[in-house]
Amino acid sequence: MALSVFCNAFKLGMYGPKYGYFIVGYYTYHWWKNTEAERYGCTDTNMKEAVEGYFSLTYSTNGREERTTIGGRTPSEFRAIASSILHQPISVDTTDVTSLSYDIVWALALGLNASIDRISPRNLTDFSYFNESMADIFREEIRKVSFFGSSGPMAFTSNSDRIGRINIEQNRDGSEVVIGSYYPADEIEWFISSDQIWHRNDGVPPFDSDITRTISLLLSKQVVFLIIACCLCLIGIVLAISFLVFNFRYRAERIIKMSSPNLNNVIVSGFILAYICVVIIGLDLPVVTSTTLLRTCEVRVWLVSIAFTLAFGGMFTKMWRVYSIVISGKTKRRVIRDRRLIGIVGLLLVVDLVILIPRQIVDPFRVDEFRIPIPQTKNDLANYVQYEFISVRCTAMYEHIWISALVAYKAILMLFGAFLSLQTRKINVPSLNDASYVALSIYNVCICSAVAMPLSLFSTQETGLAYAIVGGLMIFCTTVSLCMLFIPKIIALNSKNPEAALINVSRIGTVDTKSAITGNQLTKPINGCSQRDNDTNTSNVLHVCPAPE
């Protein structure tokens, strides 16, 4: 058992001057040098390190006091005589039983001698092992015996155990050394000083309980990242509002009217919410209280989902319109009103609500603390310090289910949007003047989401860095998409030929010859269709005629 205990203590690092072990004192010399230790995975060297400094208690078998014993000699004189007879050295600290055996004979003699009057008229020759009455008398008289013998004080308890001097031993450099002695009627007698006993710990004994101080380090998003994010988001919101004003002011212009200004308003609203989300995600302890943090977690889940639906959903419906008219509807005339597209965005919002409302009612958020111990260094061990990280997060019982539902829904939407963008990547029609920019914006959102989503789902100790990356990607993605949707319109609106300028700016690759309308053909009817049919009327109804075969 001791081999297993000390081997496991070595593996756990629970040995050395900060630990103290007490074991029984009847183990043989160098008991820890045992091949059995290898079975537990420790070598002799490992065991020697682990057992260094342990204490053991054992009965003293040799008297220490230099006083005359019941036999008429001092303990040292008796050991000298016994050593010469046995031809082996006997010291005061050995476990030799010669002195103890001699004293036991004296104890029996004194006990039997004291029982003579009690067994009268019988004598010792009348005793047999079946004579219980005489045996009880002998036992009682022997228990009363008390004398100083060659092995030290000799007396017995009511249970017939010897009351003798106990040696306190310490394993020092692989050998058990007697460092003190104790007799129940006296105080402990130390043979070496306390500084010598605890020499490995600067003379200080290890504590009898764990006094390690736990110092908690809060894992939170650095305020500097939050300040930077606030500044960038404020600039982004101002930019988005400027584009919103631009879209409203020039909504009657043909080039703006063709891009569905109502949908543009929806998309910009989603981008503004996205900027606000970046700031809300950055709110953490100790910037806000635990109660405020809980409310913040609830708000940001709603805002992130709704912002994504408004922004990406608006772009998605635009690409669906292009796909429906140019790719899917090549052979027939299509009429698509803005209210139908906005209705699709509204339907996507309903899906969000179907997930978010039950989650809010059935499984609301709670604020939990997660403690992450930091491995102690030698300096930490010396100073009795344990550092730990505290991560405060908003969690729910079935959080993974709700997140999986939202992520799956958004992922399907993004994949469908990426598919539509891929299918319409070479479309360059004046009536669909911002199709290529919407496609690029969708690609942009998909790529940024693929990077930011894993970082936002998985916990990390570098919360500040994670927030900087996720927030930075959100700001970058939102700003780039916003600029791609509106800056080409601003450039085209300030040119002499807005439609030609917009197409020249947005042209990427080769356009399908069957459905292409180049800059030189902008004012010409196609196959009998009037220019009005290839344009948008004042009711934001898009008419596109099929291309000639």
# chains A, B, ... in the order shown; residues from 1 in each chain; ligands from 1

$ select_by_dssp --residues "segment 236-294 of chain A" --states "helix (DSSP H, G or I)" --output "PyMOL selection string"
chain A and resi 236-249+254-257+261-281+290-294

$ select_by_dssp --residues "segment 149-270 of chain A" --states "strand (DSSP E)" --output "PyMOL selection string"
chain A and resi 149+152-154+166-172+175-182+189-190+213-219

$ residues_around --residues "Val177 of chain A" --least-positions-apart "6" --cutoff "10 Å" --atoms "only C-alpha atoms" --output "ChimeraX atom specification"
/A:55-56,93-94,167-171

$ residues_around --residues "Thr68 of chain A" --least-positions-apart "5" --cutoff "10 Å" --atoms "only C-alpha atoms" --output "number ranges by chain"
A: 73-77, 148-150

$ closest_residue --among "A:Ile119, A:Leu293, A:Leu244, A:Val268" --to "Cys394 of chain A" --atoms "only C-alpha atoms"
A:Leu293

$ atom_distance --atom1 "atom CA of Cys483 of chain A" --atom2 "atom CA of Val238 of chain A"
12.6 Å

$ residues_around --residues "Phe486 of chain A" --least-positions-apart "3" --cutoff "12 Å" --atoms "only C-alpha atoms" --output "VMD selection string"
chain A and resid 239 to 247 250 255 to 256 259 261 264 to 265 267 to 268 433 to 434 437 to 438 441 479 to 483 489 to 493 502

$ closest_residue --among "A:Asn444, A:Ser220, A:Asn159, A:Asn8" --to "Ala466 of chain A" --atoms "only C-alpha atoms"
A:Ser220

$ residues_around --residues "segment 103-117 of chain A" --least-positions-apart "3" --cutoff "12 Å" --atoms "only C-alpha atoms" --output "ChimeraX atom specification"
/A:61-63,69-71,75,78,97-100,120-127,133-156,160,162,164

$ atom_distance --atom1 "atom CA of Arg340 of chain A" --atom2 "atom CA of Met484 of chain A"
24.0 Å

$ residues_around --residues "Met315 of chain A" --least-positions-apart "4" --cutoff "12 Å" --atoms "only C-alpha atoms" --output "PDB file with C-alpha atoms, in the first residue's frame"
ATOM      1  CA  SER A 259     -32.387  48.944 -58.080  1.00  0.00           C
ATOM      2  CA  SER A 260     -35.562  48.698 -55.947  1.00  0.00           C
ATOM      3  CA  ASN A 262     -37.468  49.993 -50.974  1.00  0.00           C
ATOM      4  CA  LEU A 263     -35.327  46.890 -50.767  1.00  0.00           C
ATOM      5  CA  ASN A 264     -32.254  49.108 -50.459  1.00  0.00           C
ATOM      6  CA  ASN A 265     -33.842  50.654 -47.355  1.00  0.00           C
ATOM      7  CA  VAL A 266     -34.406  47.199 -45.885  1.00  0.00           C
ATOM      8  CA  ILE A 267     -30.787  46.188 -46.570  1.00  0.00           C
ATOM      9  CA  VAL A 268     -29.385  49.399 -45.063  1.00  0.00           C
ATOM     10  CA  GLY A 270     -30.052  45.443 -41.555  1.00  0.00           C
ATOM     11  CA  PHE A 271     -26.538  46.886 -41.886  1.00  0.00           C
ATOM     12  CA  PHE A 308     -28.691  39.159 -40.912  1.00  0.00           C
ATOM     13  CA  THR A 309     -32.182  38.491 -42.242  1.00  0.00           C
ATOM     14  CA  LEU A 310     -32.793  42.104 -43.260  1.00  0.00           C
ATOM     15  CA  ALA A 311     -29.391  42.624 -44.886  1.00  0.00           C
ATOM     16  CA  MET A 319     -30.573  37.839 -56.644  1.00  0.00           C
ATOM     17  CA  TRP A 320     -33.683  35.673 -56.730  1.00  0.00           C
ATOM     18  CA  ARG A 321     -35.347  38.340 -58.859  1.00  0.00           C
ATOM     19  CA  VAL A 322     -32.402  38.333 -61.299  1.00  0.00           C
ATOM     20  CA  LEU A 341     -39.719  40.873 -52.609  1.00  0.00           C
ATOM     21  CA  ILE A 342     -40.292  42.636 -49.295  1.00  0.00           C
ATOM     22  CA  ILE A 344     -40.164  37.315 -48.943  1.00  0.00           C
ATOM     23  CA  VAL A 345     -37.950  39.190 -46.470  1.00  0.00           C
ATOM     24  CA  LEU A 413     -30.072  30.752 -46.898  1.00  0.00           C
ATOM     25  CA  MET A 414     -26.419  31.612 -47.551  1.00  0.00           C
ATOM     26  CA  PHE A 416     -28.936  29.307 -51.765  1.00  0.00           C
ATOM     27  CA  GLY A 417     -27.798  32.919 -52.085  1.00  0.00           C
ATOM     28  CA  ALA A 418     -24.312  31.799 -53.152  1.00  0.00           C
ATOM     29  CA  LEU A 420     -28.010  32.322 -57.155  1.00  0.00           C
ATOM     30  CA  SER A 421     -24.951  34.586 -57.261  1.00  0.00           C
ATOM     31  CA  ASP A 434     -26.735  46.305 -59.353  1.00  0.00           C
ATOM     32  CA  ALA A 435     -26.940  42.517 -59.798  1.00  0.00           C
ATOM     33  CA  SER A 436     -23.170  41.992 -59.932  1.00  0.00           C
ATOM     34  CA  TYR A 437     -22.622  44.096 -56.793  1.00  0.00           C
ATOM     35  CA  VAL A 438     -25.284  42.220 -54.888  1.00  0.00           C
ATOM     36  CA  ALA A 439     -23.607  38.955 -55.945  1.00  0.00           C
ATOM     37  CA  LEU A 440     -20.242  40.195 -54.680  1.00  0.00           C
ATOM     38  CA  SER A 441     -21.865  41.291 -51.438  1.00  0.00           C
ATOM     39  CA  ILE A 442     -23.339  37.818 -50.948  1.00  0.00           C
ATOM     40  CA  TYR A 443     -19.931  36.225 -51.546  1.00  0.00           C
ATOM     41  CA  ASN A 444     -18.480  38.666 -49.046  1.00  0.00           C
ATOM     42  CA  VAL A 445     -21.071  37.778 -46.393  1.00  0.00           C
ATOM     43  CA  SER A 481     -21.287  45.276 -48.793  1.00  0.00           C
ATOM     44  CA  LEU A 482     -22.727  48.701 -48.059  1.00  0.00           C
ATOM     45  CA  MET A 484     -20.557  47.963 -53.122  1.00  0.00           C
ATOM     46  CA  LEU A 485     -24.304  48.561 -53.196  1.00  0.00           C
TER      47      LEU A 485
END

$ closest_residue --among "A:Ser305, A:Thr58, A:Ser495, A:Asn379" --to "Leu348 of chain A" --atoms "only C-alpha atoms"
A:Ser305

$ closest_residue --among "A:Lys410, A:Lys18, A:Arg393, A:Arg339" --to "Gly313 of chain A" --atoms "only C-alpha atoms"
A:Lys410
